[in-house]
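Colleague: Next comes protein.txt, compact mmCIF, C-alpha atoms:
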# COMPACT_ATOMS: atom_id res chain seq x y z
CA MET A 28 -30.88 77.12 12.03
CA LYS A 29 -27.43 76.48 13.35
CA GLU A 30 -24.75 77.06 10.74
CA GLU A 31 -22.54 74.08 10.03
CA THR A 32 -18.81 74.37 10.66
CA VAL A 33 -16.30 74.12 7.90
CA ASP A 34 -15.08 70.83 9.36
CA ASN A 35 -18.59 69.54 9.45
CA LYS A 36 -19.04 70.37 5.78
CA LYS A 37 -15.84 68.56 5.17
CA ASP A 38 -17.19 65.48 7.03
CA ASN A 39 -20.33 65.51 4.91
CA ARG A 40 -18.32 65.59 1.77
CA PHE A 41 -16.33 62.63 3.01
CA GLU A 42 -19.59 60.77 3.74
CA LEU A 43 -20.85 61.57 0.28
CA LEU A 44 -17.65 60.32 -1.29
CA ARG A 45 -17.83 57.12 0.72
CA GLU A 46 -21.37 56.50 -0.40
CA LEU A 47 -20.43 57.09 -3.98
CA LEU A 48 -17.45 54.75 -3.82
CA LEU A 49 -19.07 51.87 -1.86
CA GLU A 50 -22.54 51.87 -3.38
CA GLU A 51 -21.78 49.00 -5.74
CA ASP A 52 -20.20 46.88 -2.97
CA ARG A 53 -23.19 47.49 -0.73
CA ASP A 54 -25.54 46.31 -3.45
CA LYS A 55 -23.51 43.14 -3.89
CA PHE A 56 -23.50 42.57 -0.18
CA THR A 57 -27.27 42.97 0.00
CA ASP A 58 -27.72 40.61 -2.96
CA LEU A 59 -25.49 37.92 -1.38
CA SER A 60 -27.26 38.28 1.92
CA ASN A 61 -30.64 37.84 0.22
CA ARG A 62 -29.42 34.76 -1.59
CA ILE A 63 -28.22 33.12 1.61
CA LEU A 64 -31.48 33.90 3.34
CA GLU A 65 -33.43 32.57 0.36
CA LYS A 66 -31.39 29.30 0.36
CA GLU A 67 -31.97 28.79 4.04
CA SER A 68 -35.66 29.35 3.57
CA LEU A 69 -35.76 26.97 0.56
CA SER A 70 -33.76 24.34 2.43
CA GLU A 71 -36.29 24.38 5.24
CA LYS A 72 -39.09 23.76 2.73
CA VAL A 73 -37.29 21.19 0.53
CA THR A 74 -35.52 19.02 3.13
CA PRO A 75 -38.70 17.24 4.32
CA LEU A 76 -39.70 16.58 0.70
CA VAL A 77 -36.28 15.13 -0.14
CA ASP A 78 -36.33 12.98 3.00
CA GLU A 79 -39.77 11.73 2.03
CA LYS A 80 -38.62 10.90 -1.50
CA ILE A 81 -35.54 9.04 -0.21
CA GLU A 82 -37.73 7.00 2.13
CA ASP A 83 -40.12 6.23 -0.76
CA LEU A 84 -37.20 5.12 -2.96
CA ARG A 85 -35.84 2.95 -0.16
CA LYS A 86 -39.19 1.21 0.22
CA ASN A 87 -40.14 0.92 -3.47
CA PHE A 88 -36.76 0.51 -5.12
CA PRO A 89 -37.52 -2.93 -6.60
CA ALA A 90 -40.79 -1.69 -8.11
CA TYR A 91 -39.21 1.44 -9.64
CA PHE A 92 -35.94 -0.06 -10.91
CA GLY A 93 -36.40 -3.85 -10.74
CA SER A 94 -37.04 -4.44 -14.44
CA THR A 95 -34.26 -2.08 -15.52
CA ILE A 96 -31.76 -3.76 -13.21
CA THR A 97 -32.87 -7.23 -14.32
CA GLU A 98 -32.42 -6.23 -17.96
CA THR A 99 -29.01 -4.72 -17.20
CA ILE A 100 -27.92 -7.89 -15.39
CA LYS A 101 -29.16 -10.02 -18.29
CA VAL A 102 -27.14 -7.95 -20.76
CA GLN A 103 -24.15 -8.03 -18.44
CA ILE A 104 -24.34 -11.81 -18.08
CA ARG A 105 -24.76 -12.26 -21.83
CA ASP A 106 -21.79 -10.02 -22.62
CA SER A 107 -19.54 -11.38 -19.88
CA GLN A 108 -20.21 -15.10 -19.89
CA ASP A 109 -16.65 -16.05 -18.98
CA GLU A 110 -16.67 -13.83 -15.89
CA VAL A 111 -20.09 -15.21 -14.86
CA VAL A 112 -18.88 -18.79 -15.25
CA GLU A 113 -15.83 -17.98 -13.14
CA ALA A 114 -18.02 -16.46 -10.45
CA LEU A 115 -20.54 -19.31 -10.41
CA TYR A 116 -18.15 -22.21 -10.86
CA PRO A 117 -17.25 -22.58 -7.16
CA ILE A 118 -20.97 -23.15 -6.38
CA MET A 119 -22.17 -24.98 -9.50
CA GLY A 120 -18.95 -26.95 -9.88
CA LYS A 121 -19.39 -28.52 -6.45
CA LEU A 122 -22.95 -29.61 -7.27
CA ILE A 123 -21.98 -31.03 -10.65
CA LYS A 124 -18.99 -32.79 -9.13
CA LYS A 125 -21.21 -34.33 -6.46
CA ALA A 126 -23.70 -35.62 -9.07
CA ILE A 127 -20.94 -37.04 -11.27
CA VAL A 128 -19.27 -38.77 -8.31
CA SER A 129 -22.60 -40.32 -7.33
CA GLU A 130 -23.24 -41.63 -10.86
CA ILE A 131 -19.66 -42.89 -11.28
CA THR A 132 -19.95 -44.75 -7.96
CA LYS A 133 -23.10 -46.49 -9.23
CA LEU A 134 -21.42 -47.25 -12.56
CA SER A 135 -18.30 -48.54 -10.81
CA ASP A 136 -20.38 -50.86 -8.59
CA SER A 137 -22.17 -52.18 -11.62
CA ILE A 138 -18.94 -52.73 -13.57
CA ASN A 139 -17.30 -54.44 -10.57
CA LYS A 140 -20.24 -56.78 -10.26
CA THR A 141 -20.11 -57.62 -13.97
CA ILE A 142 -16.32 -58.10 -13.94
CA THR A 143 -16.56 -60.42 -10.92
CA GLU A 144 -19.14 -62.47 -12.77
CA LYS A 145 -17.13 -62.37 -16.01
CA PHE A 146 -14.01 -63.74 -14.35
CA SER A 147 -15.67 -66.79 -12.91
CA MET A 148 -14.27 -70.09 -14.20
CA LYS A 149 -17.37 -70.64 -16.31
CA GLU A 150 -17.00 -67.24 -18.00
CA ILE A 151 -13.24 -67.62 -18.51
CA LEU A 152 -13.89 -70.82 -20.40
CA LYS A 153 -16.57 -69.06 -22.42
CA ARG A 154 -14.10 -66.33 -23.43
CA PHE A 155 -11.96 -68.84 -25.30
CA PHE A 156 -14.86 -69.35 -27.68
CA LYS A 157 -16.41 -65.89 -27.82
CA GLY A 158 -14.97 -64.73 -31.19
CA LYS A 159 -14.06 -61.13 -31.94
CA LYS A 160 -15.91 -59.33 -29.13
CA SER A 161 -13.63 -57.45 -26.71
CA ASP A 162 -13.89 -57.66 -22.93
CA ALA A 163 -14.92 -53.99 -22.86
CA ASP A 164 -17.78 -54.78 -25.24
CA ASP A 165 -18.77 -57.66 -23.02
CA VAL A 166 -18.81 -55.53 -19.87
CA LEU A 167 -20.63 -52.62 -21.50
CA GLN A 168 -23.13 -55.01 -23.03
CA GLU A 169 -23.90 -56.44 -19.60
CA VAL A 170 -24.13 -53.07 -17.85
CA PHE A 171 -26.19 -51.26 -20.49
CA GLU A 172 -27.76 -54.15 -22.34
CA PRO A 173 -29.82 -52.83 -25.27
CA ILE A 174 -33.43 -53.92 -25.03
CA ILE A 175 -36.17 -53.58 -27.62
CA GLU A 176 -38.96 -51.89 -25.70
CA GLU A 177 -41.50 -51.17 -28.45
CA VAL A 178 -41.97 -52.04 -32.10
CA PHE A 179 -44.47 -50.33 -34.38
CA VAL A 180 -45.22 -51.41 -37.94
CA ILE A 181 -46.98 -48.43 -39.47
CA GLU A 182 -48.51 -47.72 -42.88
CA LYS A 183 -46.44 -44.90 -44.38
CA ASP A 184 -49.01 -42.36 -45.63
CA SER A 185 -51.97 -42.93 -43.36
CA GLY A 186 -50.01 -43.53 -40.16
CA LEU A 187 -52.32 -46.44 -39.36
CA LEU A 188 -50.80 -49.00 -37.02
CA ALA A 189 -50.62 -52.41 -38.68
CA GLY A 190 -49.02 -54.27 -35.78
CA ASN A 191 -46.87 -53.76 -32.73
CA PHE A 192 -44.99 -55.21 -29.79
CA THR A 193 -44.72 -53.50 -26.43
CA ARG A 194 -43.12 -54.27 -23.08
CA GLY A 195 -44.97 -51.39 -21.41
CA ASN A 196 -48.56 -50.40 -21.49
CA ILE A 197 -49.24 -47.76 -24.11
CA ALA A 198 -52.60 -46.11 -23.52
CA ASP A 199 -53.48 -45.47 -27.15
CA LYS A 200 -51.01 -47.06 -29.53
CA ASP A 201 -53.04 -45.92 -32.59
CA MET A 202 -52.72 -42.31 -31.52
CA VAL A 203 -49.00 -42.81 -30.85
CA SER A 204 -48.44 -44.26 -34.32
CA GLY A 205 -50.44 -41.39 -35.86
CA MET A 206 -48.48 -38.74 -33.96
CA LEU A 207 -45.20 -40.49 -34.75
CA THR A 208 -46.11 -40.38 -38.45
CA ALA A 209 -47.04 -36.71 -38.13
CA ILE A 210 -43.75 -35.87 -36.38
CA LYS A 211 -41.85 -37.85 -39.00
CA SER A 212 -43.61 -36.02 -41.86
CA PHE A 213 -43.07 -32.68 -40.16
CA ALA A 214 -39.34 -33.31 -39.64
CA GLU A 215 -38.86 -34.65 -43.16
CA GLU A 216 -40.59 -31.67 -44.79
CA ALA A 217 -38.99 -29.13 -42.51
CA PHE A 218 -35.39 -30.31 -42.57
CA SER A 219 -34.88 -32.75 -45.39
CA LYS A 220 -33.45 -32.14 -48.78
CA GLU A 221 -34.96 -34.22 -51.58
CA ASP A 222 -36.14 -37.67 -50.49
CA GLN A 223 -34.47 -38.06 -47.11
CA ASN A 224 -36.18 -39.84 -44.25
CA LEU A 225 -36.10 -39.35 -40.52
CA GLU A 226 -34.25 -42.34 -39.09
CA ASP A 227 -33.46 -41.68 -35.44
CA ILE A 228 -35.13 -39.91 -32.55
CA ARG A 229 -33.53 -39.89 -29.08
CA PHE A 230 -35.37 -39.11 -25.88
CA ASP A 231 -34.14 -39.71 -22.32
CA SER A 232 -32.64 -43.21 -22.25
CA PHE A 233 -34.62 -44.33 -25.30
CA GLN A 234 -33.66 -44.34 -28.91
CA LEU A 235 -36.25 -44.64 -31.62
CA THR A 236 -34.87 -46.19 -34.79
CA ILE A 237 -37.00 -45.81 -37.89
CA LYS A 238 -36.57 -48.03 -40.93
CA ASN A 239 -38.41 -46.88 -44.04
CA PHE A 240 -39.74 -49.25 -46.70
CA LYS A 241 -41.98 -48.84 -49.73
CA SER A 242 -45.40 -48.61 -48.11
CA ILE A 243 -44.62 -49.13 -44.43
CA TYR A 244 -42.10 -48.00 -41.89
CA ILE A 245 -40.98 -49.83 -38.78
CA ALA A 246 -40.17 -47.90 -35.61
CA ILE A 247 -38.20 -49.64 -32.88
CA ALA A 248 -37.74 -48.05 -29.45
CA THR A 249 -34.70 -49.40 -27.61
CA SER A 250 -33.17 -48.69 -24.23
CA GLY A 251 -29.54 -49.24 -23.15
CA VAL A 252 -26.35 -48.72 -25.13
CA ILE A 253 -26.71 -49.69 -28.79
CA ASN A 254 -23.42 -51.04 -30.06
CA ASN A 255 -22.59 -51.76 -33.68
CA GLU A 256 -23.23 -55.46 -33.35
CA PHE A 257 -26.72 -54.91 -31.96
CA ARG A 258 -27.41 -52.30 -34.63
CA GLU A 259 -26.38 -54.67 -37.43
CA VAL A 260 -28.41 -57.58 -36.06
CA LEU A 261 -31.43 -55.32 -35.55
CA ALA A 262 -31.15 -53.92 -39.09
CA ASP A 263 -30.98 -57.43 -40.54
CA ASN A 264 -33.97 -58.61 -38.52
CA VAL A 265 -36.04 -55.54 -39.42
CA ASN A 266 -35.22 -55.96 -43.11
CA ASN A 267 -36.25 -59.61 -42.97
CA LEU A 268 -39.48 -58.70 -41.17
CA ALA A 269 -40.31 -56.00 -43.75
CA GLU A 270 -39.58 -58.38 -46.59
CA ILE A 271 -42.03 -60.95 -45.24
CA ILE A 272 -44.75 -58.30 -44.68
CA LEU A 273 -44.33 -56.73 -48.12
CA ARG A 274 -44.41 -60.12 -49.84
CA ASP A 275 -47.62 -61.09 -48.03
CA ARG A 276 -49.73 -57.94 -47.58
CA ASP A 277 -52.33 -59.93 -45.63
CA TYR A 278 -50.17 -59.23 -42.58
CA LEU A 279 -51.12 -55.55 -42.85
CA SER A 280 -54.80 -56.35 -42.38
CA ASP A 281 -54.35 -59.01 -39.68
CA GLU A 282 -52.92 -57.38 -36.55
CA VAL A 283 -52.76 -60.55 -34.45
CA LYS A 284 -50.87 -62.45 -37.13
CA LEU A 285 -48.48 -59.54 -37.64
CA ASN A 286 -47.83 -59.18 -33.90
CA VAL A 287 -46.77 -62.83 -33.74
CA LEU A 288 -44.45 -62.27 -36.69
CA ILE A 289 -42.90 -59.18 -35.02
CA GLU A 290 -42.20 -61.10 -31.82
CA ARG A 291 -40.70 -64.03 -33.69
CA HIS A 292 -38.33 -61.86 -35.77
CA LEU A 293 -37.33 -59.13 -33.36
CA ILE A 294 -37.90 -60.25 -29.80
CA ASP A 295 -37.41 -64.00 -29.44
CA MET B 30 -61.89 -54.01 -37.00
CA ILE B 31 -61.08 -51.69 -39.85
CA ALA B 32 -59.15 -48.48 -39.27
CA LYS B 33 -59.39 -45.31 -41.36
CA LYS B 34 -57.46 -42.10 -41.40
CA VAL B 35 -59.79 -39.11 -41.57
CA LEU B 36 -58.97 -35.40 -41.67
CA LEU B 37 -60.40 -32.44 -39.85
CA VAL B 38 -59.31 -29.21 -41.51
CA GLY B 39 -60.14 -25.55 -41.21
CA ASN B 40 -58.68 -22.27 -40.05
CA PHE B 41 -57.42 -21.62 -36.54
CA GLY B 42 -60.11 -21.03 -33.97
CA VAL B 43 -63.07 -22.48 -35.88
CA GLY B 44 -63.66 -25.13 -33.21
CA LYS B 45 -62.14 -28.27 -34.72
CA THR B 46 -60.45 -29.18 -31.46
CA SER B 47 -63.63 -28.51 -29.50
CA LEU B 48 -65.53 -30.84 -31.82
CA ILE B 49 -62.93 -33.55 -31.22
CA ARG B 50 -62.98 -32.89 -27.49
CA ARG B 51 -66.71 -33.52 -27.53
CA PHE B 52 -66.12 -36.72 -29.41
CA VAL B 53 -62.88 -38.17 -27.99
CA LEU B 54 -60.54 -37.56 -25.10
CA ASN B 55 -57.26 -35.94 -26.04
CA GLN B 56 -54.03 -36.41 -24.17
CA PHE B 57 -51.39 -34.50 -26.10
CA SER B 58 -50.28 -31.13 -24.80
CA GLU B 59 -51.29 -27.98 -26.68
CA ASP B 60 -47.67 -26.73 -27.00
CA TYR B 61 -46.67 -29.85 -28.82
CA ILE B 62 -49.60 -29.70 -31.22
CA SER B 63 -49.02 -26.07 -32.13
CA THR B 64 -45.43 -26.91 -33.01
CA ILE B 65 -46.11 -29.56 -35.61
CA GLY B 66 -49.55 -28.30 -36.64
CA VAL B 67 -51.51 -31.53 -36.24
CA ARG B 68 -53.17 -33.56 -33.54
CA VAL B 69 -54.01 -37.23 -33.98
CA SER B 70 -56.81 -38.76 -31.96
CA SER B 71 -58.47 -42.12 -32.25
CA LYS B 72 -62.07 -43.14 -31.69
CA ILE B 73 -64.01 -46.30 -32.44
CA VAL B 74 -67.44 -45.65 -33.94
CA SER B 75 -70.25 -48.02 -34.86
CA TYR B 76 -71.73 -47.48 -38.27
CA GLU B 77 -74.24 -49.84 -39.84
CA ASN B 78 -73.33 -52.68 -37.46
CA GLN B 79 -69.68 -52.22 -38.24
CA GLU B 80 -66.97 -50.96 -35.93
CA ILE B 81 -64.59 -48.46 -37.46
CA LYS B 82 -61.51 -47.11 -35.76
CA LEU B 83 -61.17 -43.49 -36.85
CA LEU B 84 -57.71 -41.95 -36.72
CA ILE B 85 -58.68 -38.29 -36.73
CA TRP B 86 -55.93 -35.94 -37.94
CA ASP B 87 -56.82 -32.43 -36.77
CA VAL B 88 -54.82 -30.29 -39.20
CA ALA B 89 -54.36 -26.60 -38.36
CA GLY B 90 -54.95 -24.54 -41.48
CA THR B 91 -54.92 -25.44 -45.14
CA SER B 92 -53.22 -22.73 -47.16
CA GLU B 93 -49.68 -22.77 -48.53
CA ASP B 94 -48.38 -19.97 -46.32
CA GLU B 95 -49.24 -21.89 -43.17
CA LYS B 96 -46.51 -24.44 -43.99
CA ILE B 97 -48.55 -27.51 -43.19
CA PRO B 98 -46.69 -30.58 -44.46
CA LYS B 99 -48.55 -32.02 -47.44
CA ALA B 100 -47.86 -35.50 -46.06
CA TYR B 101 -50.52 -34.89 -43.39
CA PHE B 102 -53.16 -35.16 -46.10
CA LEU B 103 -51.89 -38.41 -47.61
CA GLY B 104 -53.69 -41.71 -47.06
CA ALA B 105 -56.89 -40.12 -45.72
CA LYS B 106 -60.17 -41.85 -46.53
CA ALA B 107 -62.43 -38.92 -45.63
CA ALA B 108 -62.17 -35.29 -44.62
CA MET B 109 -64.29 -32.73 -42.81
CA TYR B 110 -63.84 -29.01 -43.48
CA VAL B 111 -64.88 -26.95 -40.46
CA PHE B 112 -65.56 -23.22 -40.48
CA ASP B 113 -66.79 -20.77 -37.88
CA LEU B 114 -70.32 -19.52 -38.61
CA SER B 115 -69.64 -16.39 -36.58
CA ARG B 116 -66.45 -15.38 -38.46
CA GLU B 117 -66.87 -14.41 -42.09
CA GLU B 118 -63.18 -14.76 -42.91
CA THR B 119 -63.38 -18.51 -42.24
CA TYR B 120 -66.00 -19.14 -44.95
CA LEU B 121 -65.56 -16.31 -47.48
CA LYS B 122 -63.24 -18.46 -49.59
CA LEU B 123 -64.92 -21.74 -48.69
CA ASP B 124 -64.81 -23.18 -52.22
CA GLU B 125 -61.14 -22.29 -52.54
CA TYR B 126 -60.25 -23.93 -49.20
CA VAL B 127 -62.29 -27.06 -49.90
CA ASN B 128 -60.71 -27.46 -53.34
CA LYS B 129 -57.29 -27.12 -51.75
CA VAL B 130 -58.08 -29.95 -49.32
CA LYS B 131 -59.38 -32.07 -52.22
CA GLU B 132 -56.20 -31.42 -54.16
CA LEU B 133 -53.89 -32.27 -51.24
CA SER B 134 -55.77 -35.36 -50.08
CA GLY B 135 -56.95 -36.69 -53.42
CA LEU B 136 -60.46 -37.01 -51.96
CA LYS B 137 -63.45 -36.24 -54.17
CA GLU B 138 -65.93 -35.51 -51.42
CA ILE B 139 -65.38 -33.33 -48.36
CA THR B 140 -67.90 -33.01 -45.53
CA ILE B 141 -68.49 -29.31 -44.88
CA VAL B 142 -69.45 -28.30 -41.35
CA GLY B 143 -70.36 -24.89 -39.97
CA ASN B 144 -69.56 -24.77 -36.24
CA LYS B 145 -70.46 -22.41 -33.34
CA LYS B 146 -74.18 -22.32 -34.16
CA ASP B 147 -74.78 -21.23 -30.56
CA LEU B 148 -73.33 -17.79 -31.37
CA LEU B 149 -75.92 -16.96 -34.07
CA THR B 150 -79.64 -16.22 -34.18
CA GLU B 151 -81.84 -18.00 -36.74
CA ASP B 152 -81.87 -14.90 -38.98
CA GLU B 153 -78.11 -14.54 -38.82
CA LEU B 154 -77.74 -18.21 -39.69
CA LEU B 155 -79.89 -17.72 -42.81
CA THR B 156 -77.75 -14.75 -43.84
CA VAL B 157 -74.57 -16.79 -43.45
CA LYS B 158 -76.03 -19.66 -45.50
CA SER B 159 -76.94 -17.27 -48.31
CA LYS B 160 -73.31 -16.08 -48.49
CA LEU B 161 -71.77 -19.56 -48.80
CA ALA B 162 -70.33 -20.63 -52.13
CA LEU B 163 -70.97 -24.33 -51.38
CA ASP B 164 -73.75 -26.32 -49.73
CA ILE B 165 -72.92 -27.31 -46.19
CA ASP B 166 -73.58 -30.77 -44.81
CA LEU B 167 -74.05 -30.04 -41.13
CA ILE B 168 -74.35 -27.19 -38.69
CA THR B 169 -72.88 -27.96 -35.30
CA SER B 170 -72.28 -26.54 -31.89
CA ALA B 171 -69.45 -28.15 -29.99
CA LYS B 172 -70.38 -26.06 -26.97
CA GLU B 173 -73.95 -27.36 -26.84
CA ASN B 174 -73.05 -30.79 -28.22
CA GLU B 175 -75.38 -30.33 -31.18
CA ASN B 176 -74.84 -32.55 -34.22
CA VAL B 177 -71.25 -33.41 -33.18
CA GLU B 178 -71.80 -37.18 -33.21
CA ASN B 179 -73.63 -36.92 -36.55
CA ALA B 180 -70.74 -35.05 -38.08
CA PHE B 181 -68.28 -37.78 -37.14
CA LEU B 182 -70.69 -40.53 -38.23
CA LYS B 183 -70.91 -38.85 -41.62
CA LEU B 184 -67.13 -38.78 -41.70
CA ALA B 185 -67.05 -42.50 -40.85
CA ALA B 186 -69.60 -43.24 -43.56
CA ASN B 187 -67.56 -41.31 -46.14
CA SER B 188 -64.42 -43.18 -45.14
CA LEU B 189 -66.07 -46.44 -46.18
CA LYS B 190 -67.06 -45.22 -49.65
Here is a file; write its structure as structure tokens.

Modeller:
Amino acid sequence: MKEETVDNKKDNRFELLRELLLEEDRDKFTDLSNRILEKESLSEKVTPLVDEKIEDLRKNFPAYFGSTITETIKVQIRDSQDEVVEALYPIMGKLIKKAIVSEITKLSDSINKTITEKFSMKEILKRFFKGKKSDADDVLQEVFEPIIEEVFVIEKDSGLLAGNFTRGNIADKDMVSGMLTAIKSFAEEAFSKEDQNLEDIRFDSFQLTIKNFKSIYIAIATSGVINNEFREVLADNVNNLAEIILRDRDYLSDEVKLNVLIERHLID
Amino acid sequence: MIAKKVLLVGNFGVGKTSLIRRFVLNQFSEDYISTIGVRVSSKIVSYENQEIKLLIWDVAGTSEDEKIPKAYFLGAKAAMYVFDLSREETYLKLDEYVNKVKELSGLKEITIVGNKKDLLTEDELLTVKSKLALDIDLITSAKENENVENAFLKLAANSLK
């Protein structure tokens, strides 16, 4: 074997020293290199899966998150009503404004027509003798004249219809009087304190006025604007009608006779 | 023509409304009825050459906790208590329920009707009858229109007493 030179021995020692000193760095380098390679390999495998998931989310987003988003929006709207109103007002406001303008135009036409009629010579002469009613009352009365549409005289406990007047065509007036009695009883028991009675029900342009007496009650459905004068006259007439019926109970068992009485006292 | 208020009482789901549907045509919506707990229907029946207009108040439930206004029971001339033959809970306390209706309405006699006969065999029907605390007047099936007319005629007859 060829003997190594002194210098060569020296070189080997240097190599040995280098290995000793750089061993840790080399390990770190190898580790980092492996990690990078591993990431690249993982990325190649994962990227298609991620792309697929993104595409799935894009297509099915409403199904996955719809209810959560709806709920969030609901909460947001509830908690920020002022902001919502501000945002919607430009759209809703225009619609509401349009509807109001349309109704006011109709009302204005109607008032103009009534005023024109009211200021005819005949009407001017009438005004000198009309008493305490104001012109506004007169005009309103003409435009929204209160009309008695239906009258029901009903036995209080049983809800049986004793007599009635109708301008329309009620399919089953007995059932209506029964249900009205039931609704009245329900409202009185649910909301009343002590012996209070249900006296008014409003629906659409109708108002149902209920007058309670000892063994009967009288329900009057009216349309139009009910002013104080009409209310007072109606109350008087209903009281008179009830008085006659309660004095002569035969009316309660003779529907035809009672119907004539109702028309005479409340309609004519 | 004479008119009488009559009551139809019993727990939810025993078939009172079905009995009435067999007998008269109803026009009120279900939502409305469930709110106030009563449905009023009218029907003219002929009984012993006499025409009677029945105002049938279909009252949902009878017990205190169901918050049925007591006024619904006032002024009635007859009442029918309906229970479901196929549901024990609707007739286990039959005497208690019937007495409650008597107390609220002031009526001395209540017609007791077991409905939904079509859901039971003859043997099962006998078993149910043996468990009842009171005698029943009629067994009906609204589905098969069995005894429905008779039940309302009995109600009409009682309203004249």

Colleague: Might you pull out every residue within 12 Å of Leu163 (chain B), with all atoms listed in the file counted and same-chain residues fewer than 4 positions away left off, and present them as a PyMOL selection string?

Modeller: chain B and resi 110+120-128+139-143+157-159

Colleague: Keeping only C-alpha atoms, write the selected residues as a JSON list (two decimals), keeping the file's coordinate frame.

Modeller:
[["chain", "number", "residue", "atom", "x", "y", "z"],
["B", 110, "TYR", "CA", -63.84, -29.01, -43.48],
["B", 120, "TYR", "CA", -66.00, -19.14, -44.95],
["B", 121, "LEU", "CA", -65.56, -16.31, -47.48],
["B", 122, "LYS", "CA", -63.24, -18.46, -49.59],
["B", 123, "LEU", "CA", -64.92, -21.74, -48.69],
["B", 124, "ASP", "CA", -64.81, -23.18, -52.22],
["B", 125, "GLU", "CA", -61.14, -22.29, -52.54],
["B", 126, "TYR", "CA", -60.25, -23.93, -49.20],
["B", 127, "VAL", "CA", -62.29, -27.06, -49.90],
["B", 128, "ASN", "CA", -60.71, -27.46, -53.34],
["B", 139, "ILE", "CA", -65.38, -33.33, -48.36],
["B", 140, "THR", "CA", -67.90, -33.01, -45.53],
["B", 141, "ILE", "CA", -68.49, -29.31, -44.88],
["B", 142, "VAL", "CA", -69.45, -28.30, -41.35],
["B", 143, "GLY", "CA", -70.36, -24.89, -39.97],
["B", 157, "VAL", "CA", -74.57, -16.79, -43.45],
["B", 158, "LYS", "CA", -76.03, -19.66, -45.50],
["B", 159, "SER", "CA", -76.94, -17.27, -48.31]]

Colleague: Residues of chain B within 12 Å of chain A, counting only C-alpha atoms, what are they? List them as a PyMOL selection string.

Modeller: chain B and resi 30-36+53-57+61-73+82-88+96-107+134

Colleague: Residues at most 8 Å from Tyr76 (chain B), counting all atoms listed in the file, excluding those fewer than 5 positions away in the same chain, as a ChimeraX atom specification?

Modeller: /B:81,182,185-186

Colleague: For each of B:Leu48, B:Leu154, B:Leu149, B:Met109, take the minimum atom-to-atom distance to Asp166 (chain B), counting all atoms listed in the file, then give the residue where this is smallest.

Modeller: B:Met109

Colleague: Find the distance between CA of Asp275 (chain A) and CA of Ile181 (chain A) and write it in Å to one decimal.

Modeller: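 Here the two named atoms are 15.3 Å from each other.
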
Colleague: Measuring atom to atom with all atoms listed in the file, identify which of B:Glu132, B:Glu178, B:Glu77, B:Glu173 is nearest to Leu148 (chain B).

Modeller: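 Answer, going by the shortest atom-to-atom distance: B:Glu173.
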
Colleague: Nearest to Val111 (chain B) among B:Leu133, B:Val177, B:Leu37, B:Leu161, with distances taken over only C-alpha atoms: which residue is it?

Modeller: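 Using only C-alpha atoms, the shortest distance to Val111 (chain B) belongs to B:Leu37.
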
Colleague: Quick one, how far is CA of Pro89 (chain A) from CA of Asp109 (chain A)?

Modeller: 27.6 Å

Colleague: Could you check the closest approach to Leu279 (chain A) for each of A:Val180, A:Ile151, A:Ile228, A:Leu122 and tell me which residue wins, using only C-alpha atoms?

Modeller: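 Smallest separation from Leu279 (chain A) among the options: A:Val180.
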
Colleague: Any idea what the distance is between CA of Phe171 (chain A) and CA of Leu261 (chain A)?

Modeller: 16.5 Å

Colleague: Of the residues B:Asn179, B:Thr119, B:Thr150, B:Thr169, which is the one nearest to Ser47 (chain B), using all atoms listed in the file?

Modeller: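 Looking at the shortest contact to Ser47 (chain B), the residue is B:Thr169.
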